[in-house]
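Next comes structure.txt, with compact mmCIF, C-alpha atoms and all ligand atoms.
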# COMPACT_ATOMS: atom_id res chain seq x y z
CA MET U 1 101.13 -74.38 109.71
CA LYS U 2 103.58 -77.11 108.72
CA THR U 3 102.67 -80.28 106.79
CA SER U 4 103.58 -82.37 109.85
CA GLU U 5 101.07 -80.37 111.94
CA ILE U 6 98.32 -80.88 109.33
CA LEU U 7 99.04 -84.62 109.28
CA HIS U 8 98.93 -84.61 113.09
CA ALA U 9 95.48 -82.92 112.95
CA TRP U 10 94.28 -85.44 110.40
CA ALA U 11 95.48 -88.37 112.50
CA GLY U 12 93.63 -86.81 115.45
CA ILE U 13 90.39 -86.56 113.42
CA LEU U 14 90.79 -90.19 112.39
CA ALA U 15 91.10 -91.01 116.10
CA GLY U 16 87.81 -89.20 116.80
CA ARG U 17 89.42 -86.11 118.33
CA LYS U 18 88.73 -82.45 117.51
CA PRO U 19 91.80 -80.41 116.57
CA SER U 20 90.46 -77.16 117.99
CA LEU U 21 89.44 -76.36 121.57
CA SER U 22 87.60 -73.26 122.74
CA ILE U 23 87.39 -72.60 126.49
CA GLU U 24 85.40 -69.96 128.36
CA ILE U 25 87.95 -69.63 131.16
CA THR U 26 85.80 -67.33 133.27
CA LYS U 27 82.18 -66.31 133.59
CA GLU U 28 83.19 -62.81 134.68
CA CYS U 29 83.27 -59.74 132.47
CA PRO U 30 83.28 -56.05 133.44
CA LEU U 31 81.32 -55.17 130.28
CA ARG U 32 77.63 -55.53 129.50
CA CYS U 33 77.58 -55.44 125.70
CA PRO U 34 74.13 -55.57 124.11
CA GLY U 35 73.76 -58.72 121.99
CA CYS U 36 76.55 -60.63 123.81
CA TYR U 37 75.95 -64.30 122.96
CA ALA U 38 77.97 -65.62 125.93
CA PHE U 39 75.48 -64.18 128.43
CA ASP U 40 72.41 -64.92 126.32
CA ALA U 41 69.86 -67.14 128.11
CA ALA U 42 70.02 -69.69 125.27
CA HIS U 43 73.83 -69.93 125.17
CA LEU U 44 74.12 -73.08 127.31
CA GLY U 45 70.98 -74.68 125.93
CA GLY U 46 68.42 -72.93 128.15
CA GLU U 47 68.72 -74.98 131.36
CA THR U 48 71.41 -72.83 132.89
CA GLU U 49 73.28 -69.61 132.08
CA LEU U 50 76.95 -68.71 132.06
CA ARG U 51 76.66 -66.50 135.15
CA GLN U 52 75.14 -69.39 137.12
CA LEU U 53 78.08 -71.76 136.56
CA SER U 54 80.88 -72.13 139.11
CA ASP U 55 84.19 -71.14 137.61
CA PHE U 56 87.78 -71.48 138.79
CA LYS U 57 90.66 -69.22 139.76
CA GLY U 58 94.37 -69.37 140.53
CA ASP U 59 96.44 -72.52 140.24
CA GLU U 60 93.32 -74.69 140.20
CA LEU U 61 92.22 -73.01 136.96
CA VAL U 62 95.70 -73.31 135.44
CA GLN U 63 95.99 -77.01 136.29
CA LYS U 64 92.49 -77.85 135.09
CA ILE U 65 92.99 -76.05 131.76
CA LEU U 66 96.31 -77.79 131.14
CA ALA U 67 94.81 -81.16 132.09
CA ILE U 68 92.07 -80.65 129.46
CA VAL U 69 94.65 -79.59 126.87
CA ASP U 70 96.84 -82.62 127.62
CA ARG U 71 93.83 -84.91 127.34
CA GLU U 72 92.41 -83.40 124.12
CA ARG U 73 95.76 -82.56 122.51
CA PRO U 74 94.35 -79.82 120.24
CA LEU U 75 96.37 -77.95 117.65
CA HIS U 76 94.58 -74.70 118.40
CA VAL U 77 93.13 -73.31 121.65
CA SER U 78 90.82 -70.32 121.76
CA ILE U 79 90.59 -68.67 125.19
CA VAL U 80 87.37 -66.71 125.60
CA GLY U 81 85.00 -65.74 128.40
CA GLY U 82 83.49 -63.65 129.90
CA ASP U 83 86.68 -61.71 129.40
CA PRO U 84 89.81 -63.85 129.76
CA LEU U 85 91.81 -60.82 131.01
CA VAL U 86 89.77 -61.06 134.24
CA ARG U 87 92.11 -64.02 134.85
CA TYR U 88 95.30 -62.32 133.61
CA ARG U 89 97.44 -63.80 136.45
CA GLU U 90 96.40 -67.30 135.40
CA LEU U 91 97.01 -66.42 131.72
CA GLU U 92 100.59 -65.55 132.65
CA LYS U 93 101.01 -69.26 133.48
CA ILE U 94 98.71 -70.79 130.88
CA LEU U 95 100.14 -69.00 127.82
CA PRO U 96 103.79 -70.10 128.29
CA ALA U 97 102.60 -73.66 128.96
CA LEU U 98 100.61 -73.70 125.70
CA GLU U 99 103.53 -72.19 123.79
CA GLU U 100 105.84 -74.89 125.17
CA ARG U 101 103.41 -77.52 123.91
CA GLY U 102 103.56 -75.98 120.40
CA ILE U 103 99.86 -75.07 120.46
CA PHE U 104 98.46 -72.12 118.49
CA THR U 105 96.52 -69.97 120.95
CA GLN U 106 94.06 -67.12 120.59
CA VAL U 107 92.92 -64.88 123.46
CA VAL U 108 89.73 -62.97 122.66
CA THR U 109 89.29 -59.87 124.80
CA SER U 110 87.77 -56.41 125.02
CA ALA U 111 91.23 -55.12 126.14
CA PHE U 112 89.69 -53.47 129.20
CA ARG U 113 93.07 -54.06 130.91
CA VAL U 114 96.64 -53.75 129.67
CA ILE U 115 97.87 -56.44 127.30
CA PRO U 116 101.47 -57.04 128.39
CA ALA U 117 104.19 -56.20 125.87
CA GLU U 118 105.98 -59.41 126.96
CA TRP U 119 103.24 -61.49 125.36
CA GLN U 120 104.83 -60.64 122.01
CA ARG U 121 107.42 -63.30 122.82
CA PHE U 122 104.81 -66.02 122.20
CA LYS U 123 105.18 -66.89 118.52
CA ARG U 124 101.93 -68.87 118.38
CA LEU U 125 99.70 -66.39 120.22
CA THR U 126 97.03 -64.15 118.67
CA VAL U 127 95.42 -61.51 120.88
CA ALA U 128 92.11 -60.65 119.21
CA VAL U 129 90.53 -57.43 120.46
CA SER U 130 86.79 -57.10 119.84
CA ILE U 131 85.71 -53.71 118.49
CA ASP U 132 82.05 -52.91 117.79
CA GLY U 133 82.30 -50.35 114.99
CA LEU U 134 83.57 -46.77 115.00
CA GLN U 135 84.12 -44.86 118.23
CA PRO U 136 80.60 -43.45 118.85
CA GLU U 137 78.91 -46.86 118.44
CA HIS U 138 81.69 -48.82 120.12
CA ASP U 139 81.99 -46.57 123.18
CA GLU U 140 78.25 -46.63 123.68
CA ARG U 141 78.13 -50.45 123.60
CA ARG U 142 81.44 -51.35 125.23
CA LYS U 143 82.22 -48.84 127.93
CA PRO U 144 84.46 -49.05 130.00
CA ALA U 145 86.54 -50.62 127.16
CA THR U 146 86.28 -47.47 125.05
CA TYR U 147 88.46 -46.54 122.04
CA GLU U 148 90.53 -44.23 124.26
CA ARG U 149 91.15 -46.99 126.77
CA ILE U 150 91.93 -49.66 124.16
CA LEU U 151 94.49 -47.42 122.48
CA LYS U 152 96.26 -47.19 125.86
CA THR U 153 95.91 -50.82 126.98
CA THR U 154 97.20 -52.18 123.66
CA ALA U 155 99.91 -49.53 123.02
CA ASP U 156 102.80 -51.94 123.68
CA ALA U 157 101.14 -55.09 122.35
CA LYS U 158 100.64 -56.70 118.96
CA ILE U 159 96.94 -57.22 118.36
CA THR U 160 94.39 -58.42 115.83
CA ILE U 161 91.25 -56.32 115.57
CA HIS U 162 88.08 -58.37 115.27
CA SER U 163 84.81 -56.61 114.53
CA THR U 164 81.34 -58.01 114.03
CA ILE U 165 79.38 -56.28 111.28
CA THR U 166 75.73 -55.74 112.17
CA GLY U 167 72.82 -54.63 110.00
CA ASN U 168 73.16 -51.11 111.45
CA ILE U 169 76.76 -50.90 110.23
CA ALA U 170 76.10 -52.52 106.86
CA ALA U 171 73.41 -49.93 106.16
CA ARG U 172 75.97 -47.09 106.24
CA PRO U 173 78.07 -46.79 103.04
CA GLY U 174 81.71 -45.93 103.76
CA TYR U 175 81.54 -47.10 107.37
CA LEU U 176 83.73 -50.18 106.92
CA GLU U 177 86.35 -48.20 105.01
CA GLU U 178 86.55 -45.60 107.78
CA PHE U 179 86.88 -48.38 110.34
CA VAL U 180 89.62 -50.24 108.46
CA ARG U 181 91.52 -47.01 107.79
CA PHE U 182 91.49 -45.99 111.47
CA TRP U 183 92.73 -49.32 112.79
CA SER U 184 95.21 -49.84 109.94
CA GLU U 185 96.93 -46.62 111.04
CA GLN U 186 97.51 -47.90 114.60
CA PRO U 187 101.03 -49.38 114.88
CA GLN U 188 100.04 -52.04 117.43
CA VAL U 189 97.49 -53.50 114.99
CA HIS U 190 98.92 -56.44 113.14
CA ARG U 191 95.79 -57.39 111.22
CA ILE U 192 92.04 -56.81 110.98
CA TRP U 193 89.28 -59.40 110.74
CA PHE U 194 85.51 -59.13 110.35
CA SER U 195 82.67 -61.45 111.16
CA LEU U 196 79.00 -60.80 110.38
CA PHE U 197 76.37 -60.89 113.12
CA THR U 198 74.93 -64.40 113.48
CA PRO U 199 71.39 -64.51 114.89
CA GLN U 200 69.65 -67.33 116.70
CA ILE U 201 66.90 -69.08 114.71
CA GLY U 202 63.76 -66.93 114.63
CA ALA U 203 65.45 -63.82 116.07
CA THR U 204 64.61 -60.40 114.67
CA GLY U 205 66.16 -56.96 115.07
CA PRO U 206 68.28 -54.31 113.41
CA GLU U 207 71.55 -56.18 114.10
CA ILE U 208 70.59 -58.89 111.58
CA LEU U 209 71.79 -58.22 108.04
CA THR U 210 69.37 -58.43 105.13
CA GLN U 211 70.43 -60.45 102.07
CA GLU U 212 71.12 -57.16 100.24
CA GLN U 213 73.31 -55.93 103.11
CA ARG U 214 75.21 -59.22 103.18
CA ALA U 215 75.87 -58.95 99.42
CA TYR U 216 77.01 -55.33 99.87
CA VAL U 217 79.41 -56.32 102.69
CA VAL U 218 80.95 -59.10 100.57
CA GLU U 219 81.53 -56.62 97.73
CA ASP U 220 82.93 -53.98 100.10
CA LEU U 221 85.30 -56.44 101.80
CA HIS U 222 86.66 -57.52 98.42
CA ARG U 223 87.31 -53.86 97.59
CA LEU U 224 88.86 -53.03 100.97
CA ARG U 225 91.17 -56.04 101.17
CA ALA U 226 92.88 -54.75 98.03
CA LEU U 227 93.36 -51.29 99.60
CA PHE U 228 94.40 -52.18 103.17
CA PRO U 229 97.02 -54.93 103.63
CA LYS U 230 96.15 -55.29 107.33
CA LEU U 231 92.67 -56.50 106.37
CA GLN U 232 93.76 -60.11 106.21
CA MET U 233 90.73 -61.90 104.86
CA PRO U 234 91.59 -64.04 101.82
CA GLU U 235 89.37 -63.77 98.75
CA ARG U 236 88.07 -67.32 99.17
CA LEU U 237 87.06 -66.61 102.77
CA VAL U 238 85.14 -63.45 101.81
CA ASP U 239 83.36 -65.42 99.05
CA GLU U 240 82.14 -67.95 101.65
CA ILE U 241 80.18 -65.22 103.48
CA ALA U 242 77.70 -65.26 100.59
CA HIS U 243 76.76 -68.92 101.20
CA PRO U 244 77.25 -70.09 104.79
CA PRO U 245 76.94 -73.78 105.82
CA ALA U 246 73.32 -75.00 105.77
CA SER U 247 73.46 -76.52 109.27
CA PRO U 248 75.92 -77.40 112.06
CA LYS U 249 76.51 -80.80 110.48
CA ASP U 250 77.75 -79.04 107.33
CA CYS U 251 80.00 -76.69 109.32
CA ILE U 252 83.59 -77.92 109.48
CA PHE U 253 84.38 -75.35 112.17
CA ALA U 254 81.62 -76.60 114.49
CA ARG U 255 82.61 -80.22 113.84
CA THR U 256 86.30 -79.66 114.49
CA THR U 257 85.97 -77.47 117.59
CA HIS U 258 85.24 -78.66 121.11
CA THR U 259 83.77 -75.77 123.10
CA ILE U 260 83.69 -75.83 126.91
CA SER U 261 82.15 -73.32 129.31
CA ALA U 262 83.47 -71.81 132.55
CA ASP U 263 82.80 -74.82 134.80
CA LEU U 264 85.17 -76.68 132.43
CA LYS U 265 82.51 -79.39 132.03
CA THR U 266 79.52 -77.93 130.23
CA LYS U 267 79.82 -78.36 126.48
CA ILE U 268 78.57 -75.58 124.26
CA THR U 269 76.85 -76.86 121.15
CA PRO U 270 76.60 -76.79 118.19
CA CYS U 271 79.34 -74.11 118.10
CA GLN U 272 80.64 -71.25 120.22
CA PHE U 273 77.33 -69.35 119.85
CA GLY U 274 75.41 -72.06 121.68
CA GLY U 275 71.61 -72.25 121.57
CA GLU U 276 70.17 -72.63 118.08
CA PRO U 277 72.21 -70.39 115.78
CA ASP U 278 70.82 -69.69 112.33
CA CYS U 279 73.56 -71.22 110.18
CA SER U 280 71.91 -69.88 107.03
CA GLN U 281 72.75 -66.39 108.31
CA CYS U 282 76.11 -67.25 109.88
CA GLY U 283 78.91 -64.77 109.47
CA CYS U 284 81.48 -66.27 111.85
CA MET U 285 84.90 -65.73 110.32
CA ALA U 286 86.31 -69.00 111.66
CA SER U 287 83.43 -70.92 110.11
CA MET U 288 83.93 -69.14 106.77
CA ALA U 289 87.69 -69.79 106.87
CA LEU U 290 87.21 -73.52 107.36
CA ALA U 291 84.42 -73.60 104.75
CA ALA U 292 86.91 -72.05 102.31
CA VAL U 293 89.44 -74.76 103.16
CA GLY U 294 86.68 -77.37 102.79
CA HIS U 295 85.85 -76.14 99.28
CA TYR U 296 89.47 -76.37 98.19
CA ARG U 297 89.74 -78.93 95.35
CA VAL U 298 92.35 -81.57 96.12
CA VAL U 299 91.99 -83.72 92.99
CA GLY U 300 89.32 -83.23 90.29
CA PRO U 301 85.93 -82.81 92.01
CA LEU U 302 87.31 -84.16 95.32
CA THR U 303 87.51 -81.35 97.89
CA ALA U 304 89.27 -81.08 101.27
CA GLY U 305 85.72 -81.04 102.75
CA HIS U 306 84.96 -84.46 101.23
CA LEU U 307 88.15 -85.81 102.82
CA TYR U 308 87.32 -84.23 106.17
CA PHE U 309 83.75 -85.58 106.33
CA ALA U 310 84.99 -89.07 105.37
CA SER U 311 87.74 -88.85 108.03
CA ASP U 312 85.25 -87.63 110.61
CA LYS U 313 82.96 -90.62 109.94
CA ILE U 314 85.89 -92.98 110.42
CA GLY U 315 86.90 -91.09 113.58
CA ASN U 316 83.40 -91.33 115.07
CA ALA U 317 83.20 -95.03 114.24
CA TRP U 318 86.56 -95.43 115.96
CA ARG U 319 85.30 -93.63 119.09
CA GLU U 320 82.17 -95.81 119.20
CA MET U 321 84.32 -98.92 118.93
CA MET U 322 86.37 -97.70 121.90
CA HIS U 323 83.19 -97.62 123.99
CA VAL U 324 82.38 -101.20 122.96
CA PHE U 325 85.79 -102.51 124.03
CA SER U 326 86.09 -101.74 127.73
CA PRO U 327 89.59 -100.89 129.02
CA GLU U 328 89.57 -104.14 131.04
CA ARG U 329 89.08 -106.26 127.92
CA VAL U 330 91.47 -104.64 125.49
CA GLU U 331 94.35 -102.27 126.00
CA VAL U 332 94.79 -99.83 123.16
CA ASP U 333 96.33 -96.46 122.57
CA SER U 334 93.08 -94.53 122.25
CA THR U 335 94.81 -91.83 120.22
CA SER U 336 95.67 -94.12 117.33
CA PRO U 337 93.20 -95.77 114.96
CA PHE U 338 96.02 -97.90 113.63
CA ASN U 339 96.68 -99.88 116.82
CA ILE U 340 93.39 -101.75 116.62
CA ILE U 341 94.23 -102.71 113.04
CA GLY U 342 97.49 -104.12 114.39
CA ASN U 343 95.61 -105.95 117.15
CA SER U 344 93.16 -107.46 114.65
CA ALA U 345 95.98 -108.68 112.46
CA ASN U 346 97.52 -110.42 115.44
S1 LIG U 401 83.14 -58.18 126.44
FE1 LIG U 401 82.54 -60.06 125.40
S2 LIG U 401 81.87 -61.45 127.03
FE2 LIG U 401 81.91 -59.37 127.91
S3 LIG U 401 79.79 -58.64 127.67
FE3 LIG U 401 80.98 -57.91 125.90
S4 LIG U 401 80.65 -59.48 124.30
FE4 LIG U 401 80.05 -60.37 126.28
S1 LIG U 402 79.68 -71.48 113.26
FE1 LIG U 402 77.98 -70.70 112.02
S2 LIG U 402 77.60 -72.28 110.45
FE2 LIG U 402 78.85 -73.21 112.08
S3 LIG U 402 77.35 -74.18 113.45
FE3 LIG U 402 77.79 -72.13 114.26
S4 LIG U 402 76.20 -70.81 113.35
FE4 LIG U 402 76.23 -72.73 112.18
Take the structure in this file and express it as structure tokens.
Ligand code: SF4
Ligand code: SF4
Amino acid sequence: MKTSEILHAWAGILAGRKPSLSIEITKECPLRCPGCYAFDAAHLGGETELRQLSDFKGDELVQKILAIVDRERPLHVSIVGGDPLVRYRELEKILPALEERGIFTQVVTSAFRVIPAEWQRFKRLTVAVSIDGLQPEHDERRKPATYERILKTTADAKITIHSTITGNIAARPGYLEEFVRFWSEQPQVHRIWFSLFTPQIGATGPEILTQEQRAYVVEDLHRLRALFPKLQMPERLVDEIAHPPASPKDCIFARTTHTISADLKTKITPCQFGGEPDCSQCGCMASMALAAVGHYRVVGPLTAGHLYFASDKIGNAWREMMHVFSPERVEVDSTSPFNIIGNSAN
């Protein structure tokens, strides 16, 4: 990302905007993965569930998505679901429009359907394919998007493998290495990422990692990243897995990402997991990546996180002020915190 784009993001934060947008573009998915947070009863806060929302199709979906993007002006858009490839015709229109706007885009899919080779022309697009462990475990959980099918549907694409490590996987020494070796050998795989399973508060079950398993995974990822160049998880990011943010208010990812569900109205809070995620056991790679950026020392003890939280406070104060001044009473460019300073000086 260029300096000008970072400054643009910062100006947006100062204006009370979030630089990242995540949209569940459909409630439909041909899979029924156990542990899927999108279809969990708590995902939308408990009053309604993803499958009960009305979603959109065709040009209406395309226009509504682009209207949200033009209003929010994010730097990064994550397109999730359900499975976004259910709406592949609409994606054929949405992706070029996002590319034209210079927006970094990520499509997260099970790759149950072919990922077009032509999508490689989008320089700012990441296609992240979710894989749940080695073939026996994955095929059991994710049929019909089995290993065999994914190898065919992605053969002409350029993909990022994203896998969520559960307690079951972490308990098996050598498992991660076998996984990384297999996917590193596939020519269509550009890079490999891992998250750790993030439970809801109070949840129990074998998918949740123990503290010992979490420590083992951190050690193993450090070892593997040195052996497999496609495992693109920087050292700082891996270190963050050992001490996740204490709460959503401490999570830069949650605070910088606006997450919208399939009716394009319902907000998902506090982060993409919805419900009440247990931040103390979070293993979301995006959260860890931004935590690593937040802990970066800018000058002396001053970190990028200190600057962000200060900026965010200013941005929120700015947004509140905009509600005080009705549009009839004062005309301002709501995207710029500096205009009101100009107005005051006048
Ligand atoms: S593919 Fe994704 S959205 Fe669909 S059931 Fe599986 S985890 Fe949930
Ligand atoms: S991404 Fe993780 S740390 Fe951030 S709010 Fe969600 S669960 Fe908490």
Quick one: 3 Å padding each side, axis-aligned, all listed atoms of ligand LIG 402 (chain U) - centre and edge lengths in Å to one decimal, as AutoDock Vina command-line options?
--center_x 77.9 --center_y -72.4 --center_z 112.4 --size_x 9.5 --size_y 9.5 --size_z 9.8
> Can you tell me which residues sit at most 7 Å away from ligand LIG 401 (chain U), counting all atoms listed in the file, written as number ranges by chain?
Replying inline: U: 29-33, 36-39, 81-83, 109-110, 142
>> At a cut-off of 12 Å and counting only C-alpha atoms and all ligand atoms, what residues surround ligand LIG 402 (chain U)? Please answer as a VMD selection string.
In response: chain U and resid 37 43 195 to 201 240 to 241 243 to 259 268 to 291
>> I'd like to know which of U:Ala157, U:Leu221, U:Leu61, U:Ala203 is closest to Val189 (chain U), using all atoms listed in the file.
In response: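 Smallest distance to Val189 (chain U) is found for U:Ala157.
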> From the list U:Asp156, U:Glu212, U:Glu49, U:Glu28, which residue is nearest Glu118 (chain U) when using all atoms listed in the file?
Replying inline: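 Result for the nearest residue to Glu118 (chain U): U:Asp156.
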> Nearest to Arg101 (chain U) among U:Pro116, U:Pro74, U:Gly133, U:Gly174, with distances taken over only C-alpha atoms: which residue is it?
Replying inline: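 Between U:Pro116, U:Pro74, U:Gly133, U:Gly174, the residue approaching Arg101 (chain U) most closely is U:Pro74.
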> Just how far from CA of Asp263 (chain U) is CA of Ser54 (chain U), in Å to one decimal?
Replying inline: 5.4 Å
